[in-house]
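Everything below belongs to model.cif, which stores mmCIF, C-alpha atoms and all ligand atoms.
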data_protein
loop_
_atom_site.label_atom_id
_atom_site.label_comp_id
_atom_site.auth_asym_id
_atom_site.auth_seq_id
_atom_site.Cartn_x
_atom_site.Cartn_y
_atom_site.Cartn_z
CA MET A 1495 -16.38 -0.39 -21.86
CA LEU A 1496 -14.92 -3.81 -21.16
CA ALA A 1497 -11.92 -4.56 -19.01
CA THR A 1498 -11.35 -8.30 -18.84
CA HIS A 1499 -9.51 -10.46 -16.37
CA ASP A 1500 -6.73 -10.84 -18.94
CA ASP A 1501 -6.63 -7.10 -19.52
CA LEU A 1502 -6.24 -6.56 -15.81
CA SER A 1503 -3.58 -9.25 -15.50
CA ASN A 1504 -1.61 -7.58 -18.23
CA LYS A 1505 -2.28 -4.00 -17.30
CA CYS A 1506 -2.16 -4.19 -13.50
CA GLN A 1507 1.46 -3.14 -13.35
CA HIS A 1508 3.38 -0.25 -11.95
CA SER A 1509 2.59 3.11 -13.40
CA SER A 1510 6.20 4.11 -12.94
CA ASN A 1511 9.35 2.20 -13.77
CA GLN A 1512 11.54 4.22 -11.42
CA GLU A 1513 11.53 1.75 -8.58
CA PRO A 1514 10.23 -1.82 -8.57
CA ASP A 1515 7.63 -2.80 -6.00
CA HIS A 1516 8.98 -5.22 -3.42
CA SER A 1517 5.71 -7.11 -3.15
CA GLU A 1518 4.65 -10.06 -5.26
CA GLN A 1519 2.48 -9.50 -8.31
CA PRO A 1520 -1.10 -9.84 -7.12
CA THR A 1521 -3.79 -11.77 -8.91
CA ALA A 1522 -6.12 -9.64 -10.97
CA PRO A 1523 -9.11 -8.86 -8.80
CA ILE A 1524 -12.07 -8.81 -11.15
CA GLU A 1525 -13.58 -9.09 -14.56
CA LEU A 1526 -15.46 -5.93 -15.38
CA ASN A 1527 -18.14 -5.34 -17.93
CA LEU A 1528 -19.44 -2.05 -16.64
CA GLN A 1529 -22.14 -1.57 -19.28
CA ASP A 1530 -23.64 -4.98 -18.52
CA LEU A 1531 -23.35 -4.46 -14.77
CA VAL A 1532 -25.07 -1.08 -14.87
CA ASP A 1533 -27.79 -2.44 -17.20
CA ARG A 1534 -28.56 -5.24 -14.75
CA ILE A 1535 -28.73 -2.82 -11.80
CA ARG A 1536 -31.06 -0.56 -13.75
CA ALA A 1537 -33.24 -3.59 -14.60
CA GLU A 1538 -33.33 -4.48 -10.87
CA ASP A 1539 -31.70 -7.83 -11.61
CA PRO A 1540 -30.42 -9.14 -8.21
CA SER A 1541 -27.29 -10.52 -9.87
CA GLY A 1542 -26.33 -6.93 -10.74
CA MET A 1543 -26.54 -5.81 -7.12
CA GLU A 1544 -24.65 -8.89 -5.94
CA GLU A 1545 -21.86 -8.30 -8.42
CA LEU A 1546 -21.65 -4.61 -7.57
CA TYR A 1547 -21.29 -5.51 -3.90
CA ARG A 1548 -18.78 -8.28 -4.58
CA ILE A 1549 -16.57 -6.00 -6.67
CA PHE A 1550 -16.71 -2.82 -4.66
CA SER A 1551 -17.57 -3.67 -1.06
CA LYS A 1552 -13.97 -4.19 0.08
CA GLY A 1553 -12.85 -0.94 -1.51
CA VAL A 1554 -15.76 1.01 -0.07
CA ARG A 1555 -15.18 -0.55 3.35
CA PHE A 1556 -11.47 0.31 3.11
CA TYR A 1557 -12.18 3.93 2.25
CA LEU A 1558 -14.88 4.43 4.89
CA CYS A 1559 -12.81 2.73 7.57
CA ARG A 1560 -9.76 4.82 6.77
CA GLN A 1561 -11.74 8.04 6.97
CA LEU A 1562 -14.26 7.31 9.71
CA GLY A 1563 -12.93 4.43 11.76
CA ALA A 1564 -14.42 1.03 12.42
CA GLN A 1565 -17.49 2.21 14.30
CA GLU A 1566 -20.75 1.05 12.65
CA LEU A 1567 -18.74 0.33 9.54
CA GLU A 1568 -21.01 -2.35 8.08
CA ASP A 1569 -24.03 -0.04 8.36
CA LYS A 1570 -22.14 2.71 6.57
CA VAL A 1571 -21.07 0.32 3.79
CA HIS A 1572 -24.65 -0.88 3.41
CA ASP A 1573 -26.04 2.68 3.32
CA THR A 1574 -23.50 3.61 0.67
CA PHE A 1575 -24.54 0.73 -1.59
CA VAL A 1576 -28.22 1.59 -1.17
CA ILE A 1577 -27.46 5.15 -2.30
CA VAL A 1578 -25.34 3.95 -5.24
CA VAL A 1579 -28.01 1.52 -6.46
CA GLN A 1580 -30.82 4.07 -6.10
CA ALA A 1581 -28.80 6.68 -7.97
CA ILE A 1582 -28.02 4.27 -10.82
CA ARG A 1583 -31.70 3.31 -11.08
CA ARG A 1584 -32.69 6.96 -11.15
CA GLY A 1585 -30.41 7.36 -14.14
CA ASP A 1586 -27.84 9.59 -12.38
CA LEU A 1587 -25.01 7.57 -13.94
CA ARG A 1588 -25.21 8.36 -17.64
CA GLU A 1589 -21.93 6.77 -18.71
CA PRO A 1590 -21.38 3.29 -17.20
CA GLU A 1591 -17.61 3.55 -17.74
CA ARG A 1592 -17.62 6.27 -15.09
CA LEU A 1593 -18.93 3.89 -12.43
CA MET A 1594 -15.73 4.03 -10.35
CA GLY A 1595 -15.76 7.83 -10.17
CA PHE A 1596 -19.49 7.74 -9.46
CA ILE A 1597 -19.05 5.40 -6.48
CA ARG A 1598 -16.03 7.37 -5.27
CA THR A 1599 -18.06 10.60 -5.28
CA ILE A 1600 -20.89 9.01 -3.31
CA VAL A 1601 -18.49 7.51 -0.77
CA ARG A 1602 -16.80 10.90 -0.30
CA ARG A 1603 -20.17 12.57 0.24
CA GLN A 1604 -21.01 9.92 2.82
CA VAL A 1605 -17.73 10.58 4.61
CA ALA A 1606 -18.30 14.35 4.58
CA ALA A 1607 -21.85 13.89 5.93
CA HIS A 1608 -20.66 11.64 8.75
CA ILE A 1609 -17.92 14.10 9.67
CA ASP A 1610 -20.41 16.98 9.76
CA VAL A 1611 -22.66 14.99 12.07
CA ALA A 1612 -19.72 13.99 14.28
CA ILE A 1613 -18.49 17.59 14.58
CA GLN A 1614 -21.98 18.89 15.31
CA SER A 1615 -22.66 16.29 17.99
CA ARG A 1616 -19.24 16.86 19.50
CA ARG A 1617 -19.91 20.60 19.71
CA GLU A 1618 -23.30 20.02 21.29
CA HIS A 1619 -21.87 17.49 23.70
CA MET A 1620 -19.05 19.80 24.72
CA GLY A 1621 -21.46 22.68 25.16
CA LEU A 1622 -23.38 20.63 27.71
CA ASP A 1623 -20.78 19.24 30.04
CA GLY A 1624 -17.38 20.01 28.63
CA THR A 1625 -16.69 16.38 27.84
CA PRO A 1626 -15.39 15.82 24.34
CA SER A 1627 -16.81 12.92 22.37
CA LEU A 1628 -14.50 11.62 19.71
CA VAL A 1629 -14.62 9.95 16.34
CA ASP A 1630 -11.93 7.33 16.56
CA ALA A 1631 -10.44 7.25 13.09
CA SER A 1632 -8.50 4.07 13.74
CA CYS A 1633 -9.57 0.96 11.80
CA ASP A 1634 -7.27 -1.50 13.40
CA PRO A 1635 -7.35 -1.95 17.18
CA GLU A 1636 -3.70 -2.99 17.08
CA GLU A 1637 -2.62 -0.04 14.98
CA ASN A 1638 -1.16 1.96 17.86
CA PHE A 1639 0.81 -1.00 19.09
CA ILE A 1640 2.21 -1.75 15.63
CA VAL A 1641 3.11 1.89 15.03
CA GLN A 1642 4.87 2.18 18.38
CA GLN A 1643 6.79 -1.03 17.74
CA LYS A 1644 7.87 0.14 14.30
CA ALA A 1645 8.79 3.57 15.70
CA GLU A 1646 11.13 2.00 18.25
CA LEU A 1647 12.98 0.08 15.54
CA MET A 1648 13.17 3.13 13.31
CA GLU A 1649 14.49 5.25 16.16
CA LYS A 1650 17.41 2.86 16.58
CA ILE A 1651 18.19 2.95 12.87
CA LEU A 1652 17.95 6.74 12.79
CA GLY A 1653 20.39 6.93 15.70
CA GLY A 1654 23.04 5.21 13.58
CA MET A 1655 22.46 7.37 10.53
CA PRO A 1656 24.61 10.36 9.48
CA LYS A 1657 23.17 13.58 10.90
CA ARG A 1658 22.69 15.10 7.48
CA ASP A 1659 20.63 12.11 6.27
CA ARG A 1660 18.53 12.36 9.39
CA GLU A 1661 17.94 16.03 8.81
CA ILE A 1662 16.74 15.37 5.27
CA LEU A 1663 14.27 12.76 6.51
CA THR A 1664 13.15 15.06 9.34
CA ARG A 1665 12.50 17.90 6.95
CA PHE A 1666 10.50 15.68 4.62
CA TYR A 1667 8.51 13.49 6.99
CA LEU A 1668 8.24 15.57 10.13
CA ASP A 1669 8.27 19.18 8.99
CA GLU A 1670 6.66 18.23 5.67
CA GLN A 1671 8.83 20.59 3.68
CA PRO A 1672 8.44 20.25 -0.10
CA GLN A 1673 11.02 18.09 -1.82
CA ASP A 1674 12.32 20.92 -4.01
CA GLN A 1675 12.91 23.14 -0.97
CA ILE A 1676 14.86 20.39 0.78
CA CYS A 1677 16.93 19.70 -2.33
CA ARG A 1678 17.68 23.40 -2.76
CA GLU A 1679 18.59 24.09 0.85
CA MET A 1680 20.51 20.87 1.41
CA ARG A 1681 22.19 21.03 -2.03
CA LEU A 1682 20.84 17.70 -3.23
CA SER A 1683 19.82 16.49 -6.64
CA GLU A 1684 16.40 14.90 -6.98
CA THR A 1685 18.07 11.53 -7.55
CA GLN A 1686 20.19 11.85 -4.41
CA PHE A 1687 17.07 12.72 -2.45
CA ARG A 1688 15.12 9.74 -3.77
CA LEU A 1689 18.08 7.44 -3.18
CA LEU A 1690 18.48 8.54 0.41
CA LYS A 1691 14.80 8.07 1.07
CA SER A 1692 14.63 4.61 -0.46
CA ARG A 1693 17.87 3.53 1.28
CA ALA A 1694 16.45 4.61 4.63
CA LYS A 1695 13.15 2.86 3.95
CA SER A 1696 14.83 -0.40 2.98
CA ARG A 1697 16.88 -0.28 6.19
CA PHE A 1698 13.70 0.25 8.21
CA GLY A 1699 12.12 -2.63 6.30
CA GLU A 1700 15.01 -5.08 6.75
CA LEU A 1701 15.34 -4.58 10.48
CA GLY A 1702 11.56 -4.57 10.94
CA LYS A 1703 11.25 -7.94 9.19
CA LYS A 1704 14.03 -9.49 11.28
CA LYS A 1705 12.54 -8.32 14.56
CA LEU A 1706 8.89 -8.88 13.74
CA LEU A 1707 9.33 -12.36 12.21
CA ARG A 1708 9.35 -13.99 15.62
CA LYS A 1709 5.79 -12.98 16.45
CA PRO A 1710 3.74 -15.31 14.19
CA ILE A 1711 5.88 -18.33 15.14
CA GLN A 1712 5.20 -17.63 18.79
CA SER A 1713 1.48 -17.25 18.23
CA VAL A 1714 1.28 -20.54 16.26
CA PHE A 1715 3.05 -22.26 19.12
CA MET A 1716 0.63 -20.76 21.63
CA ARG A 1717 -2.39 -21.90 19.62
CA LYS A 1718 -1.01 -25.45 19.31
CA SER A 1719 -0.26 -25.60 23.00
CA ALA A 1720 -3.74 -24.39 23.83
CA SER A 1721 -5.42 -26.99 21.62
CA ALA A 1722 -3.23 -29.85 22.89
CA MET N 219 -2.31 7.43 -13.88
CA ASN N 220 -4.63 4.70 -15.12
CA TYR N 221 -6.91 3.03 -12.60
CA LEU N 222 -5.74 -0.37 -13.87
CA ASP N 223 -2.15 0.29 -12.88
CA HIS N 224 -0.92 -0.74 -9.45
CA LEU N 225 0.10 2.21 -7.36
CA HIS N 226 3.69 3.25 -7.04
CA GLU N 227 5.17 3.38 -3.54
CA ASP N 228 5.98 7.10 -3.79
CA THR N 229 2.45 7.85 -4.95
CA LEU N 230 0.99 5.96 -2.00
CA GLU N 231 3.31 7.80 0.33
CA ALA N 232 2.26 11.17 -1.11
CA TYR N 233 -1.39 10.08 -0.70
CA VAL N 234 -1.09 9.16 2.97
CA MET N 235 0.93 12.33 3.60
CA GLY N 236 -1.85 14.39 1.98
CA LYS N 237 0.50 15.70 -0.72
CA LEU N 238 -1.08 14.18 -3.82
CA PRO N 239 -2.78 16.56 -6.30
CA GLU N 240 -6.58 16.24 -6.52
CA ASN N 241 -6.56 14.71 -10.02
CA ASP N 242 -4.15 12.02 -8.97
CA ILE N 243 -6.19 11.32 -5.85
CA ASN N 244 -9.21 10.56 -8.02
CA SER N 245 -7.51 7.94 -10.15
CA LEU N 246 -5.66 6.52 -7.16
CA GLU N 247 -8.91 6.09 -5.23
CA ASP N 248 -10.57 4.54 -8.29
CA HIS N 249 -7.83 1.94 -8.25
CA LEU N 250 -8.09 1.44 -4.49
CA LEU N 251 -11.82 0.75 -4.87
CA LEU N 252 -10.92 -2.32 -6.91
CA CYS N 253 -7.53 -3.51 -5.74
CA GLU N 254 -7.14 -5.29 -2.40
CA HIS N 255 -3.43 -5.61 -2.96
CA CYS N 256 -2.99 -1.83 -3.07
CA GLN N 257 -5.40 -1.38 -0.14
CA ALA N 258 -3.07 -3.53 1.96
CA ARG N 259 -0.04 -1.60 0.70
CA THR N 260 -1.71 1.70 1.56
CA ARG N 261 -2.27 0.51 5.12
CA GLU N 262 1.36 -0.56 5.37
CA VAL N 263 2.69 2.72 3.94
CA GLU N 264 0.47 4.66 6.34
CA LEU N 265 1.67 2.74 9.40
CA ASP N 266 5.28 3.20 8.31
CA TRP N 267 4.75 6.91 7.80
CA LYS N 268 3.20 7.35 11.25
CA ALA N 269 6.00 5.34 12.86
CA ARG N 270 8.68 7.29 10.98
CA ARG N 271 7.25 10.58 12.23
CA ILE N 272 7.21 9.39 15.83
CA ALA N 273 10.77 8.07 15.54
CA LEU N 274 12.06 11.29 13.95
CA GLN N 275 10.31 13.40 16.56
CA ARG N 276 11.87 11.39 19.38
CA VAL N 277 15.33 11.73 17.84
CA ARG N 278 14.80 15.46 17.43
CA GLU N 279 13.72 15.83 21.06
CA ARG N 280 16.70 13.81 22.24
CA GLU N 281 19.09 15.98 20.25
CA GLY N 282 17.32 19.11 21.45
CA SER N 283 17.68 18.07 25.07
CA ARG N 284 21.38 17.34 24.50
CA LEU N 285 21.85 20.93 23.33
CA SER N 286 19.96 22.21 26.39
CA VAL N 287 22.14 20.14 28.70
CA PHE N 288 25.27 21.53 27.02
CA HIS N 289 23.92 25.04 27.49
CA ALA N 290 23.12 24.39 31.16
CA VAL N 291 26.58 22.91 31.81
CA TRP N 292 28.19 25.93 30.13
CA GLU N 293 26.20 28.37 32.25
CA GLY N 294 26.90 26.31 35.35
CA MET N 295 30.65 26.52 34.73
CA PHE N 296 30.96 30.08 33.50
CA GLY N 297 27.72 31.82 34.51
CA SER N 298 25.53 33.62 32.01
CA PRO N 299 27.70 34.48 28.97
CA ALA N 300 25.91 37.78 28.52
CA LYS N 301 27.24 39.10 31.83
CA LYS N 302 30.88 38.31 31.12
CA THR N 303 33.33 40.57 29.40
CA GLY N 304 36.78 40.05 27.97
CA TRP N 305 38.13 38.82 24.69
CA ALA N 306 38.43 35.16 25.66
CA MET N 307 34.91 34.99 26.94
CA ALA N 308 33.58 36.82 23.90
CA CYS N 309 35.25 34.27 21.60
CA ALA N 310 34.01 31.36 23.65
CA THR N 311 30.50 32.81 23.76
CA ALA N 312 30.54 33.36 20.02
CA ALA N 313 31.61 29.76 19.49
CA VAL N 314 28.81 28.47 21.72
CA ALA N 315 26.33 30.78 20.04
CA MET N 316 27.38 29.43 16.65
CA PHE N 317 26.98 25.88 17.94
CA LEU N 318 23.60 26.57 19.45
CA LEU N 319 22.14 28.86 16.85
CA VAL N 320 23.16 27.39 13.53
CA PRO N 321 20.97 24.25 13.75
CA SER N 322 17.98 26.19 15.03
CA ALA N 323 18.35 28.86 12.38
CA GLN N 324 18.30 26.12 9.74
CA GLU N 325 15.19 24.57 11.24
CA ASN N 326 13.31 27.70 12.17
CA SER N 327 13.04 30.02 9.20
CA PHE N 328 9.68 31.14 10.55
CA SER N 329 8.27 32.99 13.55
CA TYR N 330 6.02 31.54 16.21
CA ARG N 331 2.65 32.92 17.23
CA ASN N 332 1.57 32.18 20.78
CA VAL N 333 -1.88 30.67 21.20
CA ASP N 334 -3.37 30.09 24.62
CA LEU N 335 -5.58 27.01 24.71
CA SER N 336 -6.97 27.18 28.18
CA SER N 337 -10.59 26.24 27.63
CA MET N 338 -12.29 23.14 26.28
CA ARG N 339 -15.50 25.01 25.64
CA GLY N 340 -15.83 26.60 22.23
CA GLY N 341 -13.09 26.80 19.61
CA LYS N 342 -10.05 28.99 19.93
CA ASP N 343 -10.47 31.32 17.00
CA LEU N 344 -7.34 33.12 15.87
CA SER N 345 -8.06 36.73 15.05
CA ALA N 346 -5.79 36.84 11.99
CA PRO N 347 -4.95 34.15 9.41
CA VAL N 348 -1.77 32.20 10.00
CA GLN N 349 0.86 33.51 7.60
CA PRO N 350 3.03 31.14 5.52
CA ASP N 351 6.10 32.02 7.59
CA GLU N 352 4.28 31.65 10.88
CA ARG N 353 4.00 28.62 13.13
CA LEU N 354 2.02 28.15 16.31
CA ARG N 355 3.34 27.87 19.82
CA LEU N 356 0.49 26.37 21.83
CA HIS N 357 0.13 27.02 25.54
CA LEU N 358 -2.00 24.21 26.96
CA ASP N 359 -3.66 24.46 30.33
CA LEU N 360 -2.88 21.39 32.48
CA ALA N 361 -4.92 22.43 35.51
CA GLU N 362 -6.88 19.57 37.11
CA LEU N 363 -5.20 17.01 34.88
CA ASP N 364 -3.23 13.91 35.84
CA GLN N 365 0.29 15.23 36.25
CA LEU N 366 2.54 13.11 34.05
CA SER N 367 6.23 13.70 33.46
CA VAL N 368 5.74 13.62 29.69
CA TYR N 369 2.61 14.09 27.57
CA ARG N 370 1.91 13.14 23.99
CA VAL N 371 0.43 16.05 22.05
CA VAL N 372 -1.54 15.12 18.94
CA ILE N 373 -3.16 17.48 16.46
CA VAL N 374 -5.88 16.06 14.22
CA ASN N 375 -7.99 17.77 11.60
CA ALA N 376 -11.79 17.90 11.53
CA SER N 377 -12.00 14.39 10.09
CA GLY N 378 -9.74 12.96 12.77
CA ASP N 379 -6.68 12.49 10.52
CA LEU N 380 -3.35 12.92 12.21
CA VAL N 381 -1.73 16.25 11.35
CA TRP N 382 1.17 16.37 13.79
CA GLU N 383 2.28 14.77 17.02
CA ALA N 384 5.08 15.01 19.52
CA GLU N 385 6.03 14.24 23.07
CA GLN N 386 6.50 17.10 25.48
CA THR N 387 7.99 17.18 28.96
CA ASN N 388 5.79 18.62 31.70
CA PRO N 389 7.58 21.66 33.20
CA GLY N 390 5.40 21.31 36.32
CA ASP N 391 3.74 24.74 36.28
CA ASN N 392 0.35 23.66 34.93
CA LYS N 393 1.21 24.92 31.44
CA LEU N 394 2.56 22.90 28.56
CA VAL N 395 4.20 24.95 25.83
CA VAL N 396 4.29 23.16 22.50
CA ALA N 397 5.99 24.61 19.43
CA VAL N 398 4.45 23.15 16.27
CA PRO N 399 6.99 23.35 13.43
CA LYS N 400 4.42 22.23 10.89
CA ARG N 401 2.37 24.93 9.18
CA LEU N 402 -1.32 24.57 9.90
CA VAL N 403 -3.55 25.88 7.14
CA SER N 404 -7.01 27.28 7.84
CA GLY N 405 -9.57 24.86 9.22
CA THR N 406 -10.76 23.13 12.34
CA TYR N 407 -8.30 21.17 14.44
CA TRP N 408 -8.36 19.28 17.70
CA VAL N 409 -5.33 19.41 19.92
CA ARG N 410 -5.29 16.27 22.05
CA LEU N 411 -3.30 15.58 25.13
CA LEU N 412 -2.63 11.88 25.66
CA ASP N 413 -0.91 9.66 28.14
CA ARG N 414 2.18 8.62 26.21
CA SER N 415 2.05 5.04 27.55
CA ALA N 416 0.81 2.25 25.30
CA SER N 417 -2.78 3.00 26.34
CA ARG N 418 -2.56 6.48 24.82
CA ARG N 419 -5.42 7.49 27.11
CA LEU N 420 -7.01 10.78 26.12
CA LEU N 421 -6.60 13.32 28.90
CA ARG N 422 -7.95 16.48 27.34
CA GLU N 423 -8.92 17.89 23.98
CA TYR N 424 -8.74 21.52 22.90
CA PRO N 425 -10.56 22.83 19.83
CA LEU N 426 -8.61 25.11 17.53
CA GLN N 427 -10.13 27.06 14.67
CA LEU N 428 -7.74 28.67 12.20
CA GLN N 429 -8.92 31.29 9.70
ZN ZN A 1801 -3.26 -2.35 -7.21
#
Show me, as structure tokens, the structure contained in the file I just sent.
Ligand SMILES: [Zn+2]
Amino acid sequence: MLATHDDLSNKCQHSSNQEPDHSEQPTAPIELNLQDLVDRIRAEDPSGMEELYRIFSKGVRFYLCRQLGAQELEDKVHDTFVIVVQAIRRGDLREPERLMGFIRTIVRRQVAAHIDVAIQSRREHMGLDGTPSLVDASCDPEENFIVQQKAELMEKILGGMPKRDREILTRFYLDEQPQDQICREMRLSETQFRLLKSRAKSRFGELGKKKLLRKPIQSVFMRKSASA
Amino acid sequence: MNYLDHLHEDTLEAYVMGKLPENDINSLEDHLLLCEHCQARTREVELDWKARRIALQRVREREGSRLSVFHAVWEGMFGSPAKKTGWAMACATAAVAMFLLVPSAQENSFSYRNVDLSSMRGGKDLSAPVQPDERLRLHLDLAELDQLSVYRVVIVNASGDLVWEAEQTNPGDNKLVVAVPKRLVSGTYWVRLLDRSASRRLLREYPLQLQ
């Protein structure tokens, strides 16, 4: 299987044409020749390992960080790649075009194993002195601050929204009711529901941009002042 | 969904909300393994979703407290409606009851099961599975804790993912009663009590095991 840079440039587009993405079109990330890559790893060619790491390390790090937090993240990424390479060399990956699914499965197993260990150690710890030890699943130390800041802005926007619109959003995001139940009970068509959601999101986005734009300017100024 | 396609906003939202079917998760995660652009978008969608839930919860609590104040003012002026007789009072009571009950009937088409979480040692194991029309009302023991006017209550699953959170006023009797409108399926959960200030300091954690 061969997926080229050009293929990716052409194909890396939205899977749905219902709603355009607001973000700019990204550059295609990689050129993939999975058969060649897997062959080189099997042959213990260092370039194969390097390429595997270059292509997948950010994705693996993203997944592990999202599931397990930032603690000892680099070690976990490294361990995952060791397992992937060993498994490929053992011949566990029969079809190179399934490399993505193969890596995904290994990463998931790693996550499950880490969670088991964390739960076990937490239980043991609690059994001893009643003090809980926690796995902090947050990747970004500023995440809480950002979320709280966004929440404040959203709260203001929600306050100015018709009560019925607010109820629809509450049912969907807070009570996690299924969309069809909300549509049925609130007498909405699927289109009306989608429209309301996207209108609310764009209002959150607009106000958020206006308010949050000031921050980088301030921090640039601070850095310049400090270096002067 | 092809792993070469960038991910649609709604799909990402369903993913972070845990509502995406397993097959779609596989191809979505295959794409995320390769695409930094969609990794960044996933982070953004997740932060927005968390913020939206906090904002909606705060609005709900504010509206809830407005209803309570109205109720208290009514009782202060006229006494308990149940003790009064007479046609005028009956009509007025009915009107208030309509006002107070209609929104809650819309929101609460389920019954609450009381769960006492008084110990940090060992998991609280519910004796019977939680039914689809049942929600939990948690009674958290606040003894020997910093007494704050308001606590943040956070429920996470075994892997530490946020399941539900809300702020709850301390009634001052060493018990915090928290109604969780979200249905919790079987599994292991941790109910965390946090300082609601920016530090979000963890005050106590209660294990909860649901069949
Ligand atoms: Zn993408």
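Interatomic distance, CA of Phe1687 in chain A to CA of His249 in chain N: 27.7 Å.
Compared by their closest atoms to chain A, and using all atoms listed in the file, the residues N:Pro399, N:Tyr330, N:Val381, N:Leu394 rank with N:Pro399 nearest.
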List the spatial neighbours of Ile1676 in chain A as a PDB file with C-alpha atoms, in the frame of the given file - criterion: any atom at most 9 Å away, only C-alpha atoms, same-chain residues fewer than 5 positions off excluded.
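Output saved as out25.pdb:
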ATOM      1  CA  ILE A1662      16.740  15.370   5.270  1.00  0.00           C
ATOM      2  CA  ARG A1665      12.500  17.900   6.950  1.00  0.00           C
ATOM      3  CA  PHE A1666      10.500  15.680   4.620  1.00  0.00           C
ATOM      4  CA  GLN A1671       8.830  20.590   3.680  1.00  0.00           C
ATOM      5  CA  ARG A1681      22.190  21.030  -2.030  1.00  0.00           C
ATOM      6  CA  LEU A1682      20.840  17.700  -3.230  1.00  0.00           C
ATOM      7  CA  PHE A1687      17.070  12.720  -2.450  1.00  0.00           C
TER       8      PHE A1687
END
Hey, which bits of chain N sit within 9 Å of chain A, and for each residue what's the closest pair of atoms and how far apart in Å (one decimal), counting all atoms listed in the file, rows by chain and increasing number, as a Markdown table?
| residue | atom | partner | partner_atom | distance |
| --- | --- | --- | --- | --- |
| N:Met219 | CA | A:Ser1509 | CA | 6.6 |
| N:Asn220 | CA | A:Ser1509 | CA | 7.6 |
| N:Tyr221 | CA | A:Cys1506 | CA | 8.7 |
| N:Leu222 | CA | A:Cys1506 | CA | 5.2 |
| N:Asp223 | CA | A:Cys1506 | CA | 4.5 |
| N:His224 | CA | A:His1508 | CA | 5.0 |
| N:Leu225 | CA | A:His1508 | CA | 6.2 |
| N:His226 | CA | A:His1508 | CA | 6.0 |
| N:Glu227 | CA | A:Asp1515 | CA | 7.1 |
| N:Met235 | CA | A:Tyr1667 | CA | 8.4 |
| N:Asn244 | CA | A:Gly1595 | CA | 7.4 |
| N:Ser245 | CA | A:Gly1595 | CA | 8.3 |
| N:Glu247 | CA | A:Arg1598 | CA | 7.2 |
| N:Asp248 | CA | A:Met1594 | CA | 5.6 |
| N:His249 | CA | A:Met1594 | CA | 8.4 |
| N:Leu250 | CA | A:Gly1553 | CA | 6.1 |
| N:Leu251 | CA | A:Gly1553 | CA | 3.9 |
| N:Leu252 | CA | A:Gly1553 | CA | 5.9 |
| N:Cys253 | CA | A:Pro1523 | CA | 6.4 |
| N:Glu254 | CA | A:Gly1553 | CA | 7.2 |
| N:His255 | CA | A:Pro1520 | CA | 6.4 |
| N:Gln257 | CA | A:Phe1556 | CA | 7.1 |
| N:Arg259 | CA | A:Ser1517 | CA | 8.8 |
| N:Arg261 | CA | A:Arg1560 | CA | 8.8 |
| N:Leu265 | CA | A:Val1641 | CA | 5.9 |
| N:Asp266 | CA | A:Val1641 | CA | 7.2 |
| N:Trp267 | CA | A:Tyr1667 | CA | 7.6 |
| N:Lys268 | CA | A:Val1641 | CA | 6.6 |
| N:Ala269 | CA | A:Ala1645 | CA | 4.4 |
| N:Arg270 | CA | A:Ala1645 | CA | 6.0 |
| N:Arg271 | CA | A:Leu1668 | CA | 5.5 |
| N:Ile272 | CA | A:Ala1645 | CA | 6.0 |
| N:Ala273 | CA | A:Glu1649 | CA | 4.7 |
| N:Leu274 | CA | A:Thr1664 | CA | 6.1 |
| N:Gln275 | CA | A:Leu1668 | CA | 7.1 |
| N:Arg276 | CA | A:Glu1649 | CA | 7.4 |
| N:Val277 | CA | A:Glu1649 | CA | 6.7 |
| N:Arg278 | CA | A:Thr1664 | CA | 8.3 |
| N:Glu325 | CA | A:Arg1665 | CA | 8.4 |
| N:Met338 | CA | A:Gly1624 | CA | 6.4 |
| N:Arg339 | CA | A:Gly1624 | CA | 6.1 |
| N:Gly340 | CA | A:Gly1621 | CA | 7.5 |
| N:Ala376 | CA | A:Ile1613 | CA | 7.4 |
| N:Ser377 | CA | A:Ile1609 | CA | 5.9 |
| N:Gly378 | CA | A:Ala1631 | CA | 5.8 |
| N:Asp379 | CA | A:Ala1631 | CA | 6.9 |
| N:Trp382 | CA | A:Leu1668 | CA | 8.0 |
| N:Pro399 | CA | A:Asp1669 | CA | 6.2 |
| N:Lys400 | CA | A:Asp1669 | CA | 5.3 |
| N:Arg401 | CA | A:Asp1669 | CA | 8.2 |
| N:Ala416 | CA | A:Phe1639 | CA | 7.0 |
| N:Ser417 | CA | A:Asn1638 | CA | 8.7 |
| N:Arg418 | CA | A:Asn1638 | CA | 8.4 |
| N:Arg422 | CA | A:Pro1626 | CA | 8.0 |
| N:Glu423 | CA | A:Pro1626 | CA | 6.8 |
| N:Tyr424 | CA | A:Pro1626 | CA | 8.9 |
Report, in Å to a single decimal, how far apart CA of Leu428 in chain N and CA of Trp408 in chain N are. 10.9 Å
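Note that CA of Arg1602 in chain A and CA of Leu1526 in chain A are 22.6 Å apart.
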Would you mind listing what lies within 12 Å of Pro389 in chain N as a ChimeraX atom specification, with only C-alpha atoms counted and same-chain residues fewer than 3 positions away left out? /N:357-360,365-369,386,392-396
Have a look at N:Ala361, N:Val371, N:Leu356, N:Val263 and name the one nearest to Leu335 in chain N; count only C-alpha atoms.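 Among the listed residues, the smallest separation from Leu335 in chain N belongs to N:Leu356.
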Distance criterion (only C-alpha atoms and all ligand atoms): nearest to ligand ZN 1801 (chain A) out of N:Pro239, N:Arg370, N:Glu262, N:Cys256: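 Among the listed residues, the smallest separation from ligand ZN 1801 (chain A) belongs to N:Cys256.
Shortest separation to Gln349 in chain N among N:Arg280, N:Arg410, N:Leu363, N:Gln429 occurs at residue N:Gln429, atoms counted being only C-alpha atoms.
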